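Contents: one structure, followed by commentary.
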Amino acid sequence: EAQVTQNPRYLITVTGKKLTVTCSQNMNHEYMSWYRQDPGLGLRQIYYSMNVEVTDKGDVPEGYKVSRKEKRNFPLILESPSPNQTSLYFCASSHSGRVGVQDTQYFGPGTRLTVL
Amino acid sequence: AQTVTQSQPEMSVQEAETVTLSCTYDTSESDYYLFWYKQPPSRQMILVIRQEAYKQQNATENRFSVNFQKAAKSFSLKISDSQLGDAAMYFCAYRSKNRDDKIIFGKGTRLHILP
């Protein structure tokens, strides 16, 4: 089954304790992206990746890191989480970010993160 | 910079009736994609419908259709014969064809279906 998976689905942590949210897709997609969703703000892009070893900042990258060592995986790293990073996080992928190519994004199930 | 605006934070519709969710956007580009995504209580993000700007014909997917007005930069979603399972948050989104990066989302419209 074609899908985007995220782990964990729910996480409660404390300020300053490093954490990683994993994202994996099995569709051989080149483009992957992380979003956070907050009430009244919709979805805002954190980071995206056009392909392996290529990553770029989105609208709200502060406090986050990503890596793209393999095509299928795009982990989101919070080196020192803070309460303002409490949010619902979505990973998404699409076939390509290239111009003119089919680019409908497929979303993972979301990760609810609470930072105390 | 491109922006997407959904001016209706919440809407309600009677079951089996028709409802229209509005979306406007701002861009200087001529070719792009527009999307409607549905987010039910499960929090999944599900693609509802997609429109390419250069196509004049409005996209349709079963009970879902769009009214795409390119000159007015408007992209409304019409849901016919509303069902209880349509209750969700709906997001309008824009993606450039000329820039290989992000999709821009509106803030969403929460749709309630009244039995």
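Residue numbers start at 1 in each chain; chains themselves are named A, B, ... in the order of the structure tokens; ligands are numbered from 1 in the order shown.
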* At most 10 Å to chain B: residues in chain A, only C-alpha atoms, as a PyMOL selection string -> chain A and resi 31-33+37-50+56-59+88+90+92+96-101+103-112
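Using only C-alpha atoms, the smallest distance between any of A:Val66, A:Leu78, A:Cys23, A:Val4 and A:Leu113 comes from A:Leu78.
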* Polymer residues at most 9 Å from B:Phe64, only C-alpha atoms, same-chain spacing of 2 or more positions, as a PyMOL selection string -> chain B and resi 48-49+59-62+66+77-80
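With distances taken over only C-alpha atoms, A:Glu70 is the one residue among A:Glu79, A:Glu62, A:Glu70, A:Glu53 lying closest to A:Gln25.
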* Tell me, as JSON, numbers by chain, which residues lie within 12 Å of B:Thr18, counting only C-alpha atoms; anything in the same chain fewer than 2 positions away does not count. => {"B": [11, 12, 13, 14, 15, 16, 20, 21, 63, 64, 65, 77, 78, 79, 80, 81, 82, 83, 86, 111, 113, 114]}
* Which of stretch 4-115 of chain B counts as strand (DSSP E or B) under DSSP, as a ChimeraX atom specification please? -> /B:4-5,10-14,19-21,24-26,32-39,46-52,60-61,64-69,74-79,88-96,103-105,109-114
